[in-house]
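K.L.:
See data_22.txt below, with compact mmCIF, C-alpha atoms.
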# COMPACT_ATOMS: atom_id res chain seq x y z
CA MET A 1 12.10 5.34 -4.87
CA HIS A 2 10.92 2.00 -6.10
CA PRO A 3 12.05 -1.21 -4.44
CA GLN A 4 12.76 -2.61 -7.92
CA SER A 5 15.33 0.08 -8.58
CA HIS A 6 17.34 -1.11 -5.58
CA SER A 7 18.42 -4.61 -6.42
CA ALA A 8 21.97 -5.90 -6.61
CA LYS A 9 21.14 -7.78 -9.80
CA ARG A 10 20.01 -4.58 -11.52
CA LEU A 11 23.14 -2.73 -10.39
CA ILE A 12 25.50 -5.45 -11.60
CA THR A 13 23.69 -5.80 -14.95
CA GLY A 14 23.99 -2.02 -15.40
CA PHE A 15 27.65 -2.12 -14.42
CA ILE A 16 28.52 -4.88 -16.91
CA LEU A 17 26.67 -3.09 -19.73
CA ALA A 18 28.26 0.28 -18.86
CA LEU A 19 31.71 -1.32 -18.66
CA ALA A 20 31.29 -2.95 -22.09
CA LEU A 21 30.00 0.31 -23.59
CA THR A 22 33.04 2.14 -22.15
CA LEU A 23 35.61 -0.48 -23.22
CA ILE A 24 34.37 -0.64 -26.85
CA PRO A 25 35.05 3.04 -27.74
CA PHE A 26 38.34 3.12 -25.77
CA ALA A 27 39.49 -0.07 -27.55
CA ILE A 28 38.69 1.18 -31.06
CA VAL A 29 40.26 4.59 -30.40
CA TRP A 30 43.34 2.91 -28.87
CA THR A 31 43.82 0.44 -31.76
CA MET A 32 42.56 2.77 -34.55
CA ALA A 33 41.04 -0.39 -36.04
CA PHE A 34 38.43 1.43 -38.16
CA PRO A 35 38.31 4.52 -40.41
CA VAL A 36 37.75 7.81 -38.53
CA GLU A 37 34.10 8.26 -39.64
CA LEU A 38 33.10 4.77 -38.53
CA THR A 39 34.98 5.24 -35.24
CA PHE A 40 33.01 8.45 -34.57
CA GLY A 41 29.77 6.60 -35.32
CA ILE A 42 30.62 3.80 -32.88
CA ILE A 43 31.66 6.29 -30.16
CA ALA A 44 28.39 8.23 -30.57
CA LEU A 45 26.26 5.08 -30.54
CA CYS A 46 28.03 3.63 -27.46
CA ALA A 47 27.71 6.98 -25.62
CA LEU A 48 23.97 7.29 -26.32
CA VAL A 49 23.29 3.68 -25.29
CA GLN A 50 25.44 4.10 -22.17
CA VAL A 51 23.50 7.22 -21.13
CA GLY A 52 20.33 5.11 -21.44
CA VAL A 53 21.91 2.28 -19.43
CA HIS A 54 22.93 4.68 -16.64
CA LEU A 55 19.48 6.33 -16.57
CA HIS A 56 17.72 2.98 -16.35
CA TYR A 57 20.02 0.83 -14.19
CA PHE A 58 21.61 3.46 -11.91
CA LEU A 59 19.04 6.28 -11.75
CA GLY A 60 16.10 3.84 -11.86
CA ILE A 61 14.19 5.45 -14.74
CA ASP A 62 11.57 2.99 -15.99
CA SER A 63 7.85 2.75 -16.72
CA ARG A 64 7.04 3.31 -13.02
CA THR A 65 8.91 6.64 -12.87
CA PRO A 66 6.49 9.45 -11.88
CA ILE A 67 5.21 11.40 -14.89
CA GLU A 68 6.58 14.70 -13.47
CA ASN A 69 10.15 13.38 -13.66
CA VAL A 70 9.66 12.14 -17.23
CA LEU A 71 8.14 15.51 -18.23
CA ALA A 72 11.14 17.27 -16.66
CA ILE A 73 13.53 15.12 -18.74
CA CYS A 74 11.55 15.85 -21.90
CA PHE A 75 11.44 19.60 -21.17
CA ALA A 76 15.20 19.67 -20.46
CA GLY A 77 15.69 17.69 -23.68
CA VAL A 78 13.75 20.30 -25.71
CA LEU A 79 15.73 23.16 -24.13
CA ILE A 80 19.04 21.37 -24.75
CA PHE A 81 18.05 20.64 -28.35
CA LEU A 82 17.14 24.30 -29.01
CA MET A 83 20.12 25.86 -27.25
CA VAL A 84 22.84 23.39 -28.26
CA GLY A 85 21.43 22.90 -31.76
CA GLY A 86 20.99 26.66 -32.22
CA THR A 87 24.49 27.43 -30.93
CA LEU A 88 26.15 24.88 -33.23
CA TRP A 89 24.03 25.94 -36.21
CA ILE A 90 24.77 29.66 -35.80
CA MET A 91 28.46 29.31 -34.94
CA PHE A 92 29.32 26.82 -37.70
CA ASP A 93 27.29 28.82 -40.23
CA LEU A 94 29.23 31.93 -39.17
CA TYR A 95 32.49 29.97 -39.45
CA GLU A 96 31.63 28.87 -43.02
CA ARG A 97 30.73 32.41 -44.06
CA MET A 98 33.90 33.87 -42.59
CA MET A 99 36.13 31.51 -44.57
CA MET B 1 -3.26 17.28 34.53
CA SER B 2 -2.47 16.14 31.06
CA THR B 3 0.19 13.52 30.77
CA TYR B 4 3.34 14.68 29.09
CA SER B 5 4.81 12.46 26.45
CA PRO B 6 8.06 13.65 24.87
CA LYS B 7 7.45 11.47 21.82
CA THR B 8 4.43 13.45 20.67
CA THR B 9 5.94 16.92 21.15
CA GLY B 10 7.83 18.86 18.53
CA SER B 11 7.16 18.77 14.83
CA PRO B 12 6.73 15.36 13.30
CA GLY B 13 9.33 14.27 10.76
CA PRO B 14 8.71 14.82 7.07
CA THR B 15 6.10 12.53 5.56
CA GLU B 16 6.78 10.19 2.64
CA GLU B 17 4.96 12.67 0.41
CA THR B 18 7.26 15.52 1.48
CA LEU B 19 10.30 13.33 0.75
CA ASP B 20 8.91 12.44 -2.70
CA ILE B 21 8.45 16.16 -3.46
CA ARG B 22 12.08 16.76 -2.39
CA ASP B 23 13.16 14.01 -4.83
CA LEU B 24 11.26 15.76 -7.62
CA GLY B 25 12.79 19.12 -6.67
CA PHE B 26 16.26 17.61 -6.75
CA TRP B 27 15.47 16.00 -10.09
CA LEU B 28 14.51 19.45 -11.47
CA TYR B 29 17.85 20.79 -10.21
CA LEU B 30 19.67 17.94 -12.01
CA MET B 31 17.87 18.83 -15.25
CA THR B 32 19.04 22.46 -14.95
CA ASP B 33 22.55 21.18 -14.32
CA ALA B 34 22.22 19.02 -17.44
CA ILE B 35 21.41 22.21 -19.40
CA ILE B 36 24.52 23.96 -18.00
CA PHE B 37 26.73 21.02 -18.98
CA SER B 38 25.11 20.76 -22.45
CA LEU B 39 25.93 24.41 -23.13
CA LEU B 40 29.51 23.94 -21.90
CA PHE B 41 29.73 20.98 -24.33
CA ALA B 42 28.35 23.19 -27.13
CA THR B 43 30.92 25.88 -26.26
CA TYR B 44 33.69 23.27 -26.37
CA VAL B 45 32.57 21.95 -29.78
CA VAL B 46 32.52 25.51 -31.14
CA MET B 47 35.94 26.36 -29.66
CA PHE B 48 37.92 23.16 -30.01
CA GLN B 49 39.54 24.02 -33.34
CA ASN B 50 40.61 27.43 -32.03
CA THR B 51 43.99 26.30 -30.77
CA ALA B 52 45.72 29.59 -31.73
CA THR B 53 49.47 29.03 -31.32
CA GLY B 54 48.91 26.61 -28.43
CA PRO B 55 48.97 22.80 -28.42
CA LEU B 56 46.44 20.62 -30.26
CA PRO B 57 44.09 18.30 -28.33
CA ILE B 58 46.20 15.28 -29.33
CA ASP B 59 49.29 16.88 -27.75
CA VAL B 60 47.68 17.28 -24.31
CA PHE B 61 45.25 14.34 -23.94
CA ASP B 62 46.60 11.03 -22.59
CA ILE B 63 44.36 8.03 -23.34
CA LYS B 64 45.61 5.84 -20.45
CA HIS B 65 45.10 8.66 -17.98
CA VAL B 66 41.54 9.32 -19.17
CA PHE B 67 40.76 5.60 -19.16
CA ALA B 68 41.86 5.37 -15.51
CA GLU B 69 39.69 8.39 -14.61
CA THR B 70 36.72 6.78 -16.41
CA MET B 71 37.17 3.52 -14.50
CA PHE B 72 37.41 5.29 -11.11
CA LEU B 73 34.16 7.14 -11.80
CA LEU B 74 32.29 4.12 -13.18
CA PHE B 75 33.31 1.92 -10.23
CA SER B 76 32.38 4.70 -7.78
CA SER B 77 28.91 4.90 -9.35
CA VAL B 78 28.41 1.18 -8.72
CA THR B 79 29.74 1.34 -5.15
CA PHE B 80 27.34 4.24 -4.46
CA GLY B 81 24.60 1.98 -5.82
CA PHE B 82 25.60 -0.66 -3.25
CA ALA B 83 25.49 2.00 -0.50
CA SER B 84 21.92 2.96 -1.56
CA LEU B 85 20.99 -0.72 -1.61
CA ALA B 86 22.39 -1.22 1.89
CA SER B 87 20.47 1.84 3.20
CA VAL B 88 17.18 0.56 1.76
CA ARG B 89 17.85 -2.81 3.45
CA GLU B 90 18.70 -1.03 6.76
CA HIS B 91 22.31 -2.30 6.82
CA LYS B 92 23.94 0.69 8.50
CA SER B 93 27.57 -0.52 8.57
CA GLN B 94 27.40 -1.78 4.98
CA ALA B 95 26.05 1.58 3.80
CA VAL B 96 28.92 3.40 5.54
CA PHE B 97 31.45 0.90 4.13
CA TRP B 98 30.27 1.39 0.53
CA LEU B 99 30.19 5.18 0.96
CA ILE B 100 33.83 5.09 2.15
CA VAL B 101 34.76 2.96 -0.90
CA THR B 102 32.94 5.50 -3.11
CA ILE B 103 34.79 8.42 -1.58
CA VAL B 104 38.16 6.66 -2.04
CA LEU B 105 37.36 6.05 -5.73
CA GLY B 106 36.16 9.67 -6.06
CA LEU B 107 39.45 10.86 -4.54
CA GLY B 108 41.31 8.69 -7.07
CA PHE B 109 39.38 10.38 -9.88
CA ILE B 110 39.95 13.91 -8.59
CA SER B 111 43.68 13.26 -7.92
CA LEU B 112 44.14 12.07 -11.52
CA GLU B 113 42.27 15.11 -12.81
CA VAL B 114 44.33 17.53 -10.70
CA ILE B 115 47.56 15.80 -11.87
CA GLU B 116 46.36 16.16 -15.48
CA PHE B 117 45.49 19.86 -15.04
CA ILE B 118 48.76 20.72 -13.27
CA GLY B 119 50.76 18.85 -15.93
CA MET B 120 48.97 20.75 -18.70
CA ILE B 121 49.40 24.15 -17.03
CA GLU B 122 53.11 23.52 -16.33
CA SER B 123 53.71 22.53 -19.98
CA GLY B 124 52.24 25.85 -21.12
CA ALA B 125 48.76 24.50 -21.93
CA GLY B 126 46.89 26.53 -19.32
CA PRO B 127 43.36 27.88 -19.79
CA GLN B 128 44.63 31.26 -21.06
CA THR B 129 46.62 29.73 -23.96
CA SER B 130 43.80 29.26 -26.49
CA GLY B 131 40.04 29.16 -26.95
CA PHE B 132 40.23 25.36 -27.05
CA LEU B 133 41.97 25.17 -23.67
CA THR B 134 39.65 27.75 -22.08
CA ALA B 135 36.62 25.70 -23.13
CA PHE B 136 38.33 22.45 -22.03
CA PHE B 137 39.22 23.69 -18.53
CA THR B 138 35.77 25.26 -18.07
CA LEU B 139 33.89 22.08 -19.00
CA VAL B 140 36.11 19.49 -17.34
CA GLY B 141 36.79 21.79 -14.37
CA THR B 142 33.04 22.33 -13.77
CA HIS B 143 32.57 18.54 -13.75
CA GLY B 144 35.52 18.15 -11.35
CA ALA B 145 34.06 20.82 -9.04
CA HIS B 146 30.74 18.90 -9.01
CA VAL B 147 32.53 15.65 -8.13
CA SER B 148 34.43 17.42 -5.31
CA LEU B 149 31.15 18.81 -3.91
CA GLY B 150 29.65 15.34 -4.21
CA MET B 151 32.50 13.92 -2.09
CA ILE B 152 31.84 16.55 0.60
CA GLY B 153 28.20 15.41 0.41
CA ILE B 154 29.26 11.78 0.86
CA MET B 155 31.34 12.71 3.93
CA VAL B 156 28.35 14.55 5.41
CA MET B 157 26.12 11.51 4.74
CA ILE B 158 28.63 9.13 6.39
CA PHE B 159 28.47 11.22 9.57
CA GLN B 160 24.67 11.54 9.38
CA ILE B 161 24.29 7.76 9.08
CA LEU B 162 26.71 7.19 12.00
CA ILE B 163 25.14 9.84 14.26
CA LYS B 164 21.43 9.85 13.30
CA GLY B 165 21.15 6.30 11.97
CA LEU B 166 19.19 5.30 8.88
CA THR B 167 16.09 7.40 9.60
CA SER B 168 13.79 8.17 6.69
CA PRO B 169 15.10 11.76 6.16
CA VAL B 170 18.69 10.44 6.15
CA LYS B 171 17.80 7.70 3.64
CA SER B 172 16.03 10.28 1.50
CA ARG B 173 19.11 12.56 1.50
CA LEU B 174 21.34 9.63 0.61
CA HIS B 175 19.00 8.79 -2.27
CA ARG B 176 19.24 12.34 -3.65
CA LEU B 177 23.03 12.40 -3.27
CA GLY B 178 23.08 9.10 -5.20
CA MET B 179 21.06 10.72 -8.01
CA PHE B 180 23.67 13.52 -8.10
CA TRP B 181 26.58 11.05 -8.17
CA HIS B 182 25.08 8.89 -10.96
CA PHE B 183 24.26 12.06 -12.92
CA LEU B 184 27.93 13.13 -12.78
CA ASP B 185 28.94 9.77 -14.22
CA ILE B 186 26.54 10.40 -17.15
CA VAL B 187 28.18 13.80 -17.75
CA TRP B 188 31.56 12.03 -17.79
CA ILE B 189 30.34 9.75 -20.65
CA GLY B 190 29.83 12.97 -22.62
CA ILE B 191 33.28 14.26 -21.65
CA PHE B 192 35.21 11.20 -22.81
CA SER B 193 33.06 10.81 -25.96
CA ILE B 194 32.93 14.47 -27.04
CA VAL B 195 36.12 15.97 -25.58
CA TYR B 196 38.83 13.31 -25.34
CA MET B 197 38.06 10.78 -28.10
CA PRO B 198 37.61 13.28 -30.97
CA GLY B 199 40.80 14.92 -29.67
CA TRP B 200 42.74 11.71 -30.33
CA LEU B 201 41.11 11.12 -33.71
CA ILE B 202 41.41 14.55 -35.33
What is this structure when it is put down as structure tokens?
P.N.:
Amino acid sequence: MHPQSHSAKRLITGFILALALTLIPFAIVWTMAFPVELTFGIIALCALVQVGVHLHYFLGIDSRTPIENVLAICFAGVLIFLMVGGTLWIMFDLYERMM
Amino acid sequence: MSTYSPKTTGSPGPTEETLDIRDLGFWLYLMTDAIIFSLLFATYVVMFQNTATGPLPIDVFDIKHVFAETMFLLFSSVTFGFASLASVREHKSQAVFWLIVTIVLGLGFISLEVIEFIGMIESGAGPQTSGFLTAFFTLVGTHGAHVSLGMIGIMVMIFQILIKGLTSPVKSRLHRLGMFWHFLDIVWIGIFSIVYMPGWLI
């Protein structure tokens, strides 16, 4: 709990960024303005940046975050990478081979 | 005769250090929850083409509906932020006010989700129809269950603030509930980006 993570300015900045990063993908999916591959790329990019925005502006993750919390994120990230990556790899490989 | 002072009897409240350790413990819980959601996302990605004879994603997903749900959840995350801010600044009535706004927005989100689910089930797109729908209801339903629990948590915190005041254990609990609420909004980013949007595009 850092005093810096509790300021109205920080919250509103985060909100404006998150709103923009939500409106962009909804707008391009709604209007179908771009080819499907490019649309997917923009959705993925906006989602990743928005996760970062939420972590920083709403959950208060920054350089003063205790090292234990950062280690926990990294460890969860490794587990997610192995389990999600492994699942998708195995299942889509199986799907290809069953065709 | 020793003088009796009621203020020094009983166990002292938790120290700042204890509260910090509770924050870390709650953070570890959130990370395990993130792993659960990641695997439900992986399951959905594996299953989403398995529509059997049931409807396709594009037949059952409504973009305006999902956009409204997204806005309710995003606004509720910010209003919870204002409640946390008010609690840090010792503004009791403001904290309660923002928590009530958050719970109203949360109810808006859950009502829309329940309407969506009931509509799908009544049109024959229930969870038993296909692998895609099973994975969809499991993932989105688990998120909805978390949001519902979070709203119960907010109600409990409103009463704790009103009855106990903004003591340091109450503020610490509110802080952890805020972490939970913001975390659920992050999961929702994944849901609209991985579940709904590809459903409209493919």
K.L.:
Show which residues sit within 9 Å of Met197 in chain B, as a list in words. Count only C-alpha atoms, and ignore same-chain residues fewer than 5 positions away.
P.N.:
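The contact residues come out as Pro25, Phe26, Val29, Phe40 and Ile43 of chain A; Ile63, Ile191, Phe192 and Ile202 of chain B.
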K.L.:
So that I can see what lies close to range 131-135 of chain B, please list as a ChimeraX atom specification the residues with an atom at most 9 Å from it, counting all atoms listed in the file and leaving out residues fewer than 2 positions away in the same chain.
P.N.:
/B:40-41,43-52,54-57,125-129,137-140
K.L.:
Considering only C-alpha atoms, tabulate each residue of chain A that lies at most 6 Å from chain B along with its nearest interatomic pair and the corresponding distance in Å to one decimal; arrange the rows by chain and ascending residue number and present them as a tab-separated table.
P.N.:
residue	atom	partner	partner_atom	distance
A:His6	CA	B:Leu85	CA	5.4
A:Val51	CA	B:Ile186	CA	5.9
A:Ala76	CA	B:Met31	CA	5.9
A:Ile80	CA	B:Ile35	CA	5.9
A:Val84	CA	B:Ala42	CA	5.6
K.L.:
So how far away is CA of Leu105 in chain B from CA of Phe117 in chain B, in Å?
P.N.:
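We find that CA of Phe117 in chain B and CA of Leu105 in chain B lie 18.5 Å from each other.
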K.L.:
Suppose you want the space between CA of Val96 in chain B and CA of Ile158 in chain B; what is it in Å?
P.N.:
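For CA of Val96 in chain B relative to CA of Ile158 in chain B, the distance reads 5.8 Å.
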K.L.:
For CA of Thr22 in chain A and CA of Leu79 in chain A, determine how far apart the two atoms are, in Å to one decimal place.
P.N.:
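Pair CA of Thr22 in chain A / CA of Leu79 in chain A returns 27.3 Å.
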K.L.:
Taking (24.3, 8.3, 11.1) as a centre in this file's frame and 12 Å as the limit, can you find every polymer residue with an atom that close, using all atoms listed in the file, and give them as a list in words?
P.N.:
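In the file's frame, the residues around the point are Ser87, Glu90, His91, Lys92, Ser93, Ala95, Val96, Ile154, Met155, Val156, Met157, Ile158, Phe159, Gln160, Ile161, Leu162, Ile163, Lys164, Gly165, Leu166, Thr167, Ser168, Pro169, Val170, Lys171, Arg173 and Leu174 of chain B.
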K.L.:
Taking every listed atom of range 54-61 of chain B and adding 3 Å to each side, what centre and edge lengths in Å (one decimal) does the axis-aligned box have, as lines of an AutoDock Vina configuration file?
P.N.:
center_x = 46.7
center_y = 20.5
center_z = -27.1
size_x = 11.2
size_y = 18.3
size_z = 12.3
K.L.:
Choose the residue, out of A:Ala18, A:Thr13, A:Arg97, A:Ile24, that has the smallest atom-to-atom separation from His54 in chain A; count all atoms listed in the file.
P.N.:
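Answer, going by the shortest atom-to-atom distance: A:Ala18.
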K.L.:
From the list A:Met83, A:Leu71, A:Val53, A:Leu45, which residue is nearest Gly14 in chain A when using all atoms listed in the file?
P.N.:
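Closest residue, counting all atoms listed in the file: A:Val53.
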